[in-house]
Structure formats: structure tokens, C-alpha cells
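See below for model.pdb, which holds PDB, C-alpha atoms and all ligand atoms.
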ATOM      1  CA  MET A   1       9.034  46.627 -11.753
ATOM      2  CA  SER A   2      10.591  50.080 -11.574
ATOM      3  CA  LEU A   3      10.324  52.273 -14.652
ATOM      4  CA  SER A   4      12.036  55.143 -12.872
ATOM      5  CA  GLY A   5      13.806  57.526 -15.265
ATOM      6  CA  LYS A   6      11.807  56.370 -18.292
ATOM      7  CA  THR A   7       9.311  58.544 -20.158
ATOM      8  CA  ALA A   8       6.071  56.973 -21.369
ATOM      9  CA  VAL A   9       3.954  58.578 -24.099
ATOM     10  CA  VAL A  10       0.405  57.216 -24.013
ATOM     11  CA  THR A  11      -1.818  58.245 -26.929
ATOM     12  CA  GLY A  12      -5.513  58.799 -26.227
ATOM     13  CA  SER A  13      -5.055  58.925 -22.472
ATOM     14  CA  ASN A  14      -7.604  61.354 -21.082
ATOM     15  CA  SER A  15     -10.036  58.520 -20.324
ATOM     16  CA  GLY A  16     -10.485  54.758 -20.138
ATOM     17  CA  ILE A  17      -7.649  52.316 -20.741
ATOM     18  CA  GLY A  18      -5.094  54.966 -21.777
ATOM     19  CA  LEU A  19      -5.598  56.886 -18.549
ATOM     20  CA  GLY A  20      -5.399  53.638 -16.552
ATOM     21  CA  ILE A  21      -2.122  52.788 -18.292
ATOM     22  CA  ALA A  22      -0.730  56.285 -17.599
ATOM     23  CA  TRP A  23      -1.549  55.910 -13.900
ATOM     24  CA  GLU A  24       0.123  52.470 -13.635
ATOM     25  CA  MET A  25       3.194  53.703 -15.560
ATOM     26  CA  ALA A  26       3.453  56.647 -13.126
ATOM     27  CA  ARG A  27       2.979  54.356 -10.101
ATOM     28  CA  ALA A  28       5.901  52.316 -11.492
ATOM     29  CA  GLY A  29       7.998  55.514 -11.566
ATOM     30  CA  ALA A  30       7.849  56.522 -15.246
ATOM     31  CA  ASN A  31       7.294  60.131 -16.277
ATOM     32  CA  VAL A  32       4.166  60.265 -18.405
ATOM     33  CA  ILE A  33       2.815  62.260 -21.326
ATOM     34  CA  LEU A  34      -0.968  62.273 -21.573
ATOM     35  CA  ASN A  35      -2.611  62.970 -24.928
ATOM     36  CA  SER A  36      -5.937  63.566 -26.606
ATOM     37  CA  PHE A  37      -7.227  65.965 -29.260
ATOM     38  CA  THR A  38      -9.358  68.013 -26.844
ATOM     39  CA  ASP A  39      -6.957  70.291 -24.903
ATOM     40  CA  ARG A  40      -9.427  71.064 -22.088
ATOM     41  CA  ASP A  41      -8.507  72.314 -18.611
ATOM     42  CA  GLU A  42      -9.544  68.876 -17.280
ATOM     43  CA  ASP A  43      -6.954  67.200 -19.517
ATOM     44  CA  HIS A  44      -4.139  69.278 -18.020
ATOM     45  CA  ALA A  45      -5.636  68.713 -14.547
ATOM     46  CA  LEU A  46      -5.363  64.939 -15.033
ATOM     47  CA  ALA A  47      -1.630  65.302 -15.664
ATOM     48  CA  ARG A  48      -1.248  67.493 -12.561
ATOM     49  CA  GLU A  49      -3.161  64.938 -10.458
ATOM     50  CA  ILE A  50      -0.887  62.098 -11.617
ATOM     51  CA  ALA A  51       2.222  64.185 -10.871
ATOM     52  CA  ASP A  52       0.908  65.220  -7.430
ATOM     53  CA  GLN A  53      -0.111  61.689  -6.391
ATOM     54  CA  THR A  54       2.914  59.778  -7.681
ATOM     55  CA  GLY A  55       5.800  62.281  -7.679
ATOM     56  CA  VAL A  56       6.698  61.691 -11.338
ATOM     57  CA  GLU A  57       6.652  64.340 -14.062
ATOM     58  CA  ALA A  58       3.402  64.322 -16.014
ATOM     59  CA  ARG A  59       2.380  66.535 -18.921
ATOM     60  CA  TYR A  60      -0.551  66.746 -21.309
ATOM     61  CA  ILE A  61       0.089  67.335 -25.025
ATOM     62  CA  ARG A  62      -2.746  67.949 -27.484
ATOM     63  CA  ALA A  63      -2.420  66.026 -30.749
ATOM     64  CA  ASP A  64      -5.085  64.679 -33.087
ATOM     65  CA  MET A  65      -4.198  61.061 -33.817
ATOM     66  CA  SER A  66      -6.150  61.175 -37.076
ATOM     67  CA  ARG A  67      -3.419  63.473 -38.460
ATOM     68  CA  GLY A  68       0.040  62.191 -39.306
ATOM     69  CA  ASP A  69       1.725  65.558 -38.658
ATOM     70  CA  ASP A  70       0.133  65.749 -35.180
ATOM     71  CA  CYS A  71       1.255  62.174 -34.372
ATOM     72  CA  ARG A  72       4.861  63.008 -35.225
ATOM     73  CA  ALA A  73       4.669  66.381 -33.416
ATOM     74  CA  LEU A  74       3.483  64.601 -30.246
ATOM     75  CA  ILE A  75       6.629  62.467 -30.159
ATOM     76  CA  GLU A  76       8.774  65.504 -31.006
ATOM     77  CA  GLN A  77       7.242  67.611 -28.201
ATOM     78  CA  ALA A  78       7.506  64.762 -25.690
ATOM     79  CA  GLY A  79      11.308  65.093 -25.671
ATOM     80  CA  SER A  80      12.263  61.583 -24.491
ATOM     81  CA  CYS A  81      10.097  58.672 -25.562
ATOM     82  CA  ASP A  82      11.357  55.434 -24.000
ATOM     83  CA  ILE A  83       7.915  53.846 -23.847
ATOM     84  CA  LEU A  84       5.311  54.380 -26.551
ATOM     85  CA  VAL A  85       1.786  53.159 -25.853
ATOM     86  CA  ASN A  86      -0.406  53.387 -28.956
ATOM     87  CA  ASN A  87      -3.822  53.404 -27.354
ATOM     88  CA  ALA A  88      -6.004  56.057 -29.053
ATOM     89  CA  GLY A  89      -9.036  54.432 -30.598
ATOM     90  CA  ILE A  90     -12.602  54.944 -31.745
ATOM     91  CA  GLN A  91     -15.354  52.546 -32.765
ATOM     92  CA  HIS A  92     -18.359  52.534 -35.104
ATOM     93  CA  VAL A  93     -20.847  49.716 -35.555
ATOM     94  CA  ALA A  94     -22.750  49.203 -38.847
ATOM     95  CA  PRO A  95     -23.161  46.515 -41.523
ATOM     96  CA  ILE A  96     -20.379  46.795 -44.108
ATOM     97  CA  ASP A  97     -22.741  47.799 -46.925
ATOM     98  CA  GLN A  98     -24.035  50.697 -44.807
ATOM     99  CA  PHE A  99     -20.710  51.645 -43.218
ATOM    100  CA  PRO A 100     -20.031  55.390 -43.768
ATOM    101  CA  VAL A 101     -16.716  55.762 -45.584
ATOM    102  CA  GLU A 102     -15.751  58.756 -43.358
ATOM    103  CA  LYS A 103     -16.119  56.461 -40.312
ATOM    104  CA  TRP A 104     -14.009  53.788 -42.009
ATOM    105  CA  ASP A 105     -11.276  56.346 -42.787
ATOM    106  CA  ALA A 106     -11.328  57.825 -39.267
ATOM    107  CA  ILE A 107     -11.130  54.409 -37.577
ATOM    108  CA  ILE A 108      -8.232  53.270 -39.760
ATOM    109  CA  ALA A 109      -6.434  56.609 -39.228
ATOM    110  CA  ILE A 110      -6.836  56.795 -35.430
ATOM    111  CA  ASN A 111      -6.651  53.085 -34.519
ATOM    112  CA  LEU A 112      -3.927  52.038 -36.981
ATOM    113  CA  THR A 113      -2.159  54.702 -39.059
ATOM    114  CA  SER A 114      -1.429  56.844 -35.965
ATOM    115  CA  ALA A 115       0.688  53.983 -34.603
ATOM    116  CA  PHE A 116       2.700  53.915 -37.838
ATOM    117  CA  HIS A 117       3.521  57.622 -37.464
ATOM    118  CA  THR A 118       4.273  57.568 -33.714
ATOM    119  CA  THR A 119       6.398  54.424 -33.988
ATOM    120  CA  ALA A 120       8.386  55.831 -36.908
ATOM    121  CA  ALA A 121       9.027  59.018 -34.907
ATOM    122  CA  ALA A 122       9.799  57.237 -31.620
ATOM    123  CA  LEU A 123      12.211  54.506 -32.774
ATOM    124  CA  PRO A 124      15.145  56.908 -33.430
ATOM    125  CA  LYS A 125      14.710  58.256 -29.864
ATOM    126  CA  MET A 126      14.652  54.734 -28.432
ATOM    127  CA  ARG A 127      17.751  53.822 -30.422
ATOM    128  CA  ALA A 128      19.550  56.948 -29.165
ATOM    129  CA  ALA A 129      18.570  56.053 -25.577
ATOM    130  CA  GLY A 130      19.635  52.410 -26.040
ATOM    131  CA  TRP A 131      16.293  51.100 -24.728
ATOM    132  CA  GLY A 132      12.702  51.145 -25.879
ATOM    133  CA  ARG A 133       9.273  49.588 -25.523
ATOM    134  CA  VAL A 134       6.366  49.807 -27.958
ATOM    135  CA  VAL A 135       3.049  48.645 -26.510
ATOM    136  CA  ASN A 136       0.121  48.640 -28.922
ATOM    137  CA  ILE A 137      -3.418  48.384 -27.590
ATOM    138  CA  ALA A 138      -5.125  46.033 -30.031
ATOM    139  CA  SER A 139      -8.214  44.046 -28.970
ATOM    140  CA  ALA A 140      -9.745  40.591 -28.808
ATOM    141  CA  HIS A 141     -11.093  41.929 -32.119
ATOM    142  CA  GLY A 142      -7.493  41.950 -33.389
ATOM    143  CA  LEU A 143      -7.550  38.144 -33.141
ATOM    144  CA  THR A 144     -11.205  37.278 -33.772
ATOM    145  CA  ALA A 145     -14.133  38.930 -35.551
ATOM    146  CA  SER A 146     -17.770  39.715 -35.029
ATOM    147  CA  PRO A 147     -20.294  41.310 -37.374
ATOM    148  CA  TYR A 148     -20.768  45.069 -37.946
ATOM    149  CA  LYS A 149     -17.299  46.189 -36.784
ATOM    150  CA  SER A 150     -15.445  45.826 -40.106
ATOM    151  CA  ALA A 151     -13.244  48.936 -39.816
ATOM    152  CA  TYR A 152     -12.393  48.354 -36.153
ATOM    153  CA  ILE A 153     -11.578  44.695 -36.758
ATOM    154  CA  ALA A 154      -9.484  45.523 -39.838
ATOM    155  CA  ALA A 155      -7.577  48.174 -37.844
ATOM    156  CA  LYS A 156      -7.017  45.883 -34.852
ATOM    157  CA  HIS A 157      -5.856  42.940 -36.998
ATOM    158  CA  GLY A 158      -3.614  45.466 -38.773
ATOM    159  CA  ILE A 159      -1.996  46.678 -35.590
ATOM    160  CA  VAL A 160      -1.286  43.111 -34.489
ATOM    161  CA  GLY A 161       0.521  42.574 -37.807
ATOM    162  CA  MET A 162       2.392  45.863 -37.537
ATOM    163  CA  THR A 163       3.495  44.968 -33.995
ATOM    164  CA  LYS A 164       5.115  41.754 -35.263
ATOM    165  CA  THR A 165       6.909  43.652 -38.024
ATOM    166  CA  VAL A 166       8.271  46.300 -35.621
ATOM    167  CA  ALA A 167       9.437  43.489 -33.319
ATOM    168  CA  LEU A 168      11.349  41.838 -36.169
ATOM    169  CA  GLU A 169      12.880  45.125 -37.328
ATOM    170  CA  THR A 170      14.164  45.802 -33.769
ATOM    171  CA  ALA A 171      14.823  42.196 -32.719
ATOM    172  CA  GLU A 172      18.592  42.612 -32.292
ATOM    173  CA  GLU A 173      18.217  45.879 -30.390
ATOM    174  CA  PRO A 174      17.202  46.486 -26.750
ATOM    175  CA  ILE A 175      13.735  47.404 -27.992
ATOM    176  CA  THR A 176      10.571  45.310 -27.868
ATOM    177  CA  ALA A 177       7.156  45.670 -29.506
ATOM    178  CA  ASN A 178       4.068  43.841 -28.279
ATOM    179  CA  ALA A 179       0.301  44.165 -28.449
ATOM    180  CA  ILE A 180      -2.213  43.850 -25.639
ATOM    181  CA  CYS A 181      -5.588  42.438 -26.662
ATOM    182  CA  PRO A 182      -8.263  43.452 -24.153
ATOM    183  CA  GLY A 183     -11.697  41.863 -24.077
ATOM    184  CA  TYR A 184     -14.510  44.095 -22.821
ATOM    185  CA  VAL A 185     -13.504  46.873 -20.407
ATOM    186  CA  LEU A 186     -16.290  49.176 -19.211
ATOM    187  CA  THR A 187     -14.938  52.474 -20.602
ATOM    188  CA  PRO A 188     -16.739  55.339 -22.418
ATOM    189  CA  LEU A 189     -16.054  53.536 -25.737
ATOM    190  CA  VAL A 190     -18.003  50.460 -24.578
ATOM    191  CA  GLU A 191     -20.659  52.444 -22.683
ATOM    192  CA  ALA A 192     -21.436  54.238 -25.980
ATOM    193  CA  GLN A 193     -22.337  50.899 -27.637
ATOM    194  CA  ILE A 194     -24.845  49.867 -24.974
ATOM    195  CA  PRO A 195     -27.859  52.097 -25.912
ATOM    196  CA  ASP A 196     -27.760  51.032 -29.607
ATOM    197  CA  THR A 197     -27.531  47.362 -28.666
ATOM    198  CA  MET A 198     -30.431  47.787 -26.205
ATOM    199  CA  LYS A 199     -32.519  49.265 -29.020
ATOM    200  CA  GLU A 200     -31.466  46.696 -31.634
ATOM    201  CA  TYR A 201     -32.290  43.650 -29.497
ATOM    202  CA  ASP A 202     -34.988  45.278 -27.309
ATOM    203  CA  MET A 203     -32.967  44.396 -24.220
ATOM    204  CA  SER A 204     -32.349  46.043 -20.850
ATOM    205  CA  ARG A 205     -28.899  47.410 -20.028
ATOM    206  CA  ASP A 206     -28.278  44.433 -17.727
ATOM    207  CA  ASP A 207     -29.186  41.989 -20.503
ATOM    208  CA  VAL A 208     -26.813  43.694 -22.950
ATOM    209  CA  VAL A 209     -23.991  43.567 -20.411
ATOM    210  CA  ARG A 210     -24.659  39.943 -19.416
ATOM    211  CA  ASN A 211     -25.971  38.345 -22.609
ATOM    212  CA  VAL A 212     -24.090  40.264 -25.315
ATOM    213  CA  MET A 213     -20.837  41.494 -23.779
ATOM    214  CA  LEU A 214     -19.936  39.219 -20.897
ATOM    215  CA  ALA A 215     -21.359  36.235 -22.791
ATOM    216  CA  ARG A 216     -18.117  36.354 -24.812
ATOM    217  CA  GLN A 217     -15.930  36.302 -21.698
ATOM    218  CA  PRO A 218     -15.812  32.971 -19.832
ATOM    219  CA  SER A 219     -14.748  34.837 -16.667
ATOM    220  CA  LYS A 220     -18.098  36.707 -16.832
ATOM    221  CA  GLU A 221     -16.262  39.827 -15.660
ATOM    222  CA  PHE A 222     -15.007  42.986 -17.328
ATOM    223  CA  ALA A 223     -11.260  43.541 -17.254
ATOM    224  CA  THR A 224     -10.287  46.771 -15.462
ATOM    225  CA  VAL A 225      -8.153  49.653 -16.651
ATOM    226  CA  GLU A 226      -5.782  48.951 -13.736
ATOM    227  CA  GLN A 227      -5.297  45.372 -14.999
ATOM    228  CA  LEU A 228      -4.537  46.721 -18.476
ATOM    229  CA  GLY A 229      -2.091  49.194 -16.943
ATOM    230  CA  GLY A 230      -0.379  46.439 -14.973
ATOM    231  CA  THR A 231      -0.001  44.345 -18.137
ATOM    232  CA  ALA A 232       1.573  47.309 -19.961
ATOM    233  CA  VAL A 233       3.991  47.904 -17.068
ATOM    234  CA  PHE A 234       4.961  44.220 -17.126
ATOM    235  CA  LEU A 235       5.744  44.436 -20.868
ATOM    236  CA  CYS A 236       8.065  47.358 -20.092
ATOM    237  CA  SER A 237       9.859  45.564 -17.246
ATOM    238  CA  ASP A 238      13.189  43.743 -17.422
ATOM    239  CA  ALA A 239      11.302  40.467 -16.917
ATOM    240  CA  ALA A 240       9.731  41.005 -20.351
ATOM    241  CA  ALA A 241      12.958  41.873 -22.196
ATOM    242  CA  GLN A 242      12.717  38.712 -24.346
ATOM    243  CA  ILE A 243       9.006  39.092 -25.011
ATOM    244  CA  THR A 244       8.634  40.713 -28.411
ATOM    245  CA  GLY A 245       6.320  40.412 -31.394
ATOM    246  CA  THR A 246       3.544  38.793 -29.422
ATOM    247  CA  THR A 247       0.037  39.501 -28.163
ATOM    248  CA  ILE A 248      -1.135  39.247 -24.567
ATOM    249  CA  SER A 249      -4.870  38.739 -24.189
ATOM    250  CA  VAL A 250      -6.539  40.309 -21.159
ATOM    251  CA  ASP A 251      -9.994  39.011 -22.009
ATOM    252  CA  GLY A 252     -11.243  36.644 -19.297
ATOM    253  CA  GLY A 253     -10.736  33.700 -21.668
ATOM    254  CA  TRP A 254     -12.603  35.105 -24.727
ATOM    255  CA  THR A 255      -9.979  34.024 -27.264
ATOM    256  CA  ALA A 256      -9.511  30.612 -25.622
ATOM    257  CA  LEU A 257     -13.039  29.620 -26.647
TER     258      LEU A 257
HETATM  259  P1  LIG B 301     -12.126  55.587 -24.465
HETATM  260  O1  LIG B 301     -13.156  56.145 -25.386
HETATM  261  O2  LIG B 301     -12.282  55.746 -23.008
HETATM  262  O3  LIG B 301     -10.672  56.124 -24.848
HETATM  263  C1  LIG B 301     -10.294  56.455 -26.145
HETATM  264  C2  LIG B 301      -9.205  57.465 -26.060
HETATM  265  O4  LIG B 301      -8.793  57.806 -27.369
HETATM  266  C3  LIG B 301      -9.659  58.766 -25.362
HETATM  267  O5  LIG B 301      -8.639  59.215 -24.508
HETATM  268  C4  LIG B 301      -9.847  59.725 -26.523
HETATM  269  O6  LIG B 301      -9.612  61.084 -26.148
HETATM  270  C5  LIG B 301      -8.768  59.227 -27.460
HETATM  271  N1  LIG B 301      -8.969  59.656 -28.828
HETATM  272  C6  LIG B 301     -10.031  59.427 -29.641
HETATM  273  N2  LIG B 301      -9.841  60.035 -30.820
HETATM  274  C7  LIG B 301      -8.634  60.649 -30.753
HETATM  275  C8  LIG B 301      -7.896  61.447 -31.657
HETATM  276  N3  LIG B 301      -8.337  61.752 -32.884
HETATM  277  N4  LIG B 301      -6.693  61.914 -31.244
HETATM  278  C9  LIG B 301      -6.217  61.652 -29.998
HETATM  279  N5  LIG B 301      -6.881  60.907 -29.116
HETATM  280  C10 LIG B 301      -8.077  60.405 -29.488
HETATM  281  O7  LIG B 301     -12.036  54.053 -24.872
HETATM  282  P2  LIG B 301     -11.114  52.859 -24.333
HETATM  283  O8  LIG B 301     -12.017  51.687 -24.231
HETATM  284  O9  LIG B 301     -10.299  53.250 -23.184
HETATM  285  O10 LIG B 301     -10.189  52.607 -25.614
HETATM  286  C11 LIG B 301      -8.781  52.695 -25.580
HETATM  287  C12 LIG B 301      -8.197  51.684 -26.530
HETATM  288  O11 LIG B 301      -8.510  50.365 -26.069
HETATM  289  C13 LIG B 301      -8.755  51.781 -27.959
HETATM  290  O12 LIG B 301      -7.718  51.577 -28.884
HETATM  291  C14 LIG B 301      -9.753  50.647 -28.002
HETATM  292  O13 LIG B 301      -9.952  50.177 -29.302
HETATM  293  C15 LIG B 301      -9.027  49.616 -27.129
HETATM  294  N6  LIG B 301      -9.900  48.562 -26.622
HETATM  295  C16 LIG B 301     -10.914  48.846 -25.758
HETATM  296  C17 LIG B 301     -11.700  47.796 -25.303
HETATM  297  C18 LIG B 301     -12.836  48.029 -24.324
HETATM  298  O14 LIG B 301     -13.583  47.089 -24.055
HETATM  299  N7  LIG B 301     -12.975  49.194 -23.762
HETATM  300  C19 LIG B 301     -11.473  46.487 -25.710
HETATM  301  C20 LIG B 301     -10.437  46.255 -26.602
HETATM  302  C21 LIG B 301      -9.644  47.290 -27.048
END
Written as C-alpha cells, that's how I'd like the structure from this file.
Amino acid sequence: MSLSGKTAVVTGSNSGIGLGIAWEMARAGANVILNSFTDRDEDHALAREIADQTGVEARYIRADMSRGDDCRALIEQAGSCDILVNNAGIQHVAPIDQFPVEKWDAIIAINLTSAFHTTAAALPKMRAAGWGRVVNIASAHGLTASPYKSAYIAAKHGIVGMTKTVALETAEEPITANAICPGYVLTPLVEAQIPDTMKEYDMSRDDVVRNVMLARQPSKEFATVEQLGGTAVFLCSDAAAQITGTTISVDGGWTAL
């Protein structure tokens, strides 16, 4: 599955799943653009480490995915954008009648609207190159729901719908658009939910992991960022050229229940 000569832009890729995807794209030979809104020395160091270990070109570009102008500037500054991975995401957990509206707006902006802006900016580049792949990181929560995550679930269902629309608008072109729906992956985003859940249910960390998180996954295992990266690489491969407008669940069987 060589992606040699392609450039992959991965939003929100200085940690977790985005970083895992960037590594697997680089291992498959793609040049990669890392992104976050932080612009720390460590962010640039991550890009250097990927370049040193894999031999591809890797760069870090700061852009705040809550801002439309930053989203479009990221794609502009990337130069080529053959592969666009819309991964940046945040989470907030609260009952809908106590959900802070600023949190709702930020989640919709970063998890959903950013993908509208980046996709709109990237499609002309893909068309000019005669090849393109859009990979949107949705969630098992893009296909199912659970309480207290109204904004996240609305955003993830939204991105699944947007993926299908982009696929139909590009169906006759050598461009595909698909969404990956991970179950639980032990990243900083999930780690941040554990203390609140421990407090809410008066549970130990182990109980939260086993009885709240992994209870939803028949495999009883977390997916890994490498597995997510491998799935993204597959969607960019020639083998997946006729796969468009669909979702691939990487959730240990969660959505089969
Ligand atoms: P994470 O917190 O490790 O990564 C989130 C990334 O988004 C980070 O790189 C962060 O810098 C970036 N980000 C946040 N706000 C940003 C902004 N305003 N501008 C630019 N970048 C920003 O979490 P993760 O679990 O790796 O999440 C990555 C994606 O995977 C998210 O879309 C998340 O919803 C999705 N997801 C995660 C899980 C899971 O279990 N971890 C499950 C399903 C879906």
C-alpha cells in the first residue's frame, strides 16, 4: 500500500489518533503535514522525528480548527493536499439542559465545521492533481448515541452525513470520501473523561475502563492509534478506490450490538 509521492494533511495531529495516522501515512511513504493550534517546539519536533525515522517530508503547520480562515490557510500553506484527514476533535460531557453554549459552539466548529472548510479548500487541489482521498474521523458516536454528549454526537452524526455528500459530489472523479468510526481508543481525549466518570459513579479507574468504556466493546479491548492509522492508509490505497461514501467501524464490535 504505497502512498509514495502523495501529501497527507492530518488535522489535530500532535497527539492521539491524528498522530498515529500521520505515522502510518509516513510509513506508507506519504509526505505529511502535522497540525494543531499550539505551535510548540514539541509539535515541530514531532514532524522532524517522523521525517528522520521514515525518510518522508514532514512539516508542522499551526492552525486553529475552530476558525474557518485558519482551516483554509492550513490547506493553502500545505501546498499539495492529496489526502485530507479531518481528525481534530474535542469533547465535553454534560446533560443537554446544562450544556454550556460555548462548549456546544466549539465542538460543532472543531469537530464538524472545520471539515467543511478544509474539504472545500482541498477539493480543487485534488481535482488539479487528478487524485484525492478525504478521510473523516467520525466515531461510534456518529452512528449511535449515549447520554450527555449531545454536541459531540450531533457533530459526529453530521460528519458522517457530510462524508456521504462529498462522496456523491465526487463520485465520477478519482476522489473518494469515507469516514472511520472508532470505538474507544485510550488517547488524551478519553483519559480526560475518566476522572469525572470515577467521581460520578464512585468507581475506581479500572472499573470505569472495564465497566463503562470496554463494556460497550464486545472485544473488551481498546483500538490502537496504529490500527486507526492502518485503516486510514487502506482507505487511501488503490484497493479502496471503489470505496466511497461509507463508514468503517474500528470499534471491537460496538456497533454490531
Ligand atoms: P486527542 O485529544 O489526543 O487529539 C485531538 C487532537 O485535536 C489533538 O491533536 C489536538 O491538538 C487537536 N485539536 C483540538 N482542538 C484543536 C483546534 N482548535 N485546532 C486544531 N487542532 C485541535 O484525542 P483523540 O482521541 O486522538 O481524537 C482524535 C479524533 O478521534 C477526534 O475527532 C475524536 O472525536 C475522534 N475519536 C476518538 C475516539 C477515542 O476513543 N479516542 C473515539 C472516536 C472518535
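Each of A:Phe37, A:Phe116, A:Trp104, A:Trp23 was checked against ligand LIG 301 (chain B) using all atoms listed in the file; the smallest atom-to-atom distance is that of A:Phe37.
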Closest contacts (chain A/ligand LIG 301 (chain B), max 6 Å, only C-alpha atoms and all ligand atoms) as CSV:
residue,atom,partner,partner_atom,distance
A:Gly12,CA,B:LIG301,C5,3.5
A:Ser13,CA,B:LIG301,O5,4.1
A:Asn14,CA,B:LIG301,O5,4.2
A:Ser15,CA,B:LIG301,O5,4.5
A:Gly16,CA,B:LIG301,O9,3.4
A:Ile17,CA,B:LIG301,O9,3.7
A:Gly18,CA,B:LIG301,O9,5.7
A:Ser36,CA,B:LIG301,N5,3.8
A:Phe37,CA,B:LIG301,C9,4.5
A:Ala63,CA,B:LIG301,C9,5.8
A:Asp64,CA,B:LIG301,N4,3.7
A:Met65,CA,B:LIG301,N4,3.7
A:Ser66,CA,B:LIG301,N3,4.8
A:Asn87,CA,B:LIG301,O12,4.6
A:Ala88,CA,B:LIG301,O4,3.7
A:Gly89,CA,B:LIG301,O12,3.6
A:Ile90,CA,B:LIG301,C6,5.6
A:Ile110,CA,B:LIG301,N3,5.8
A:Asn111,CA,B:LIG301,O12,5.9
A:Ile137,CA,B:LIG301,O12,5.5
A:Ala138,CA,B:LIG301,C21,5.6
A:Ser139,CA,B:LIG301,C20,3.9
A:Pro182,CA,B:LIG301,C20,4.3
A:Gly183,CA,B:LIG301,C19,4.9
A:Tyr184,CA,B:LIG301,O14,3.4
A:Val185,CA,B:LIG301,O14,3.7
A:Leu186,CA,B:LIG301,N7,5.6
A:Thr187,CA,B:LIG301,O8,4.7
A:Pro188,CA,B:LIG301,O2,4.5
A:Leu189,CA,B:LIG301,O1,3.9
A:Val190,CA,B:LIG301,N7,5.2
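Atom CA of Arg40 of chain A is found 29.9 Å from atom CA of Lys149 of chain A.
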Of A:Ala30, A:Ile243, A:Leu74, A:Ala8, the one nearest to Gly55 of chain A when counting all atoms listed in the file is A:Ala30
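Among the candidates A:Gln91, A:Ser4, A:Thr113, A:Thr255, the one nearest to Tyr152 of chain A when counting only C-alpha atoms is A:Gln91.
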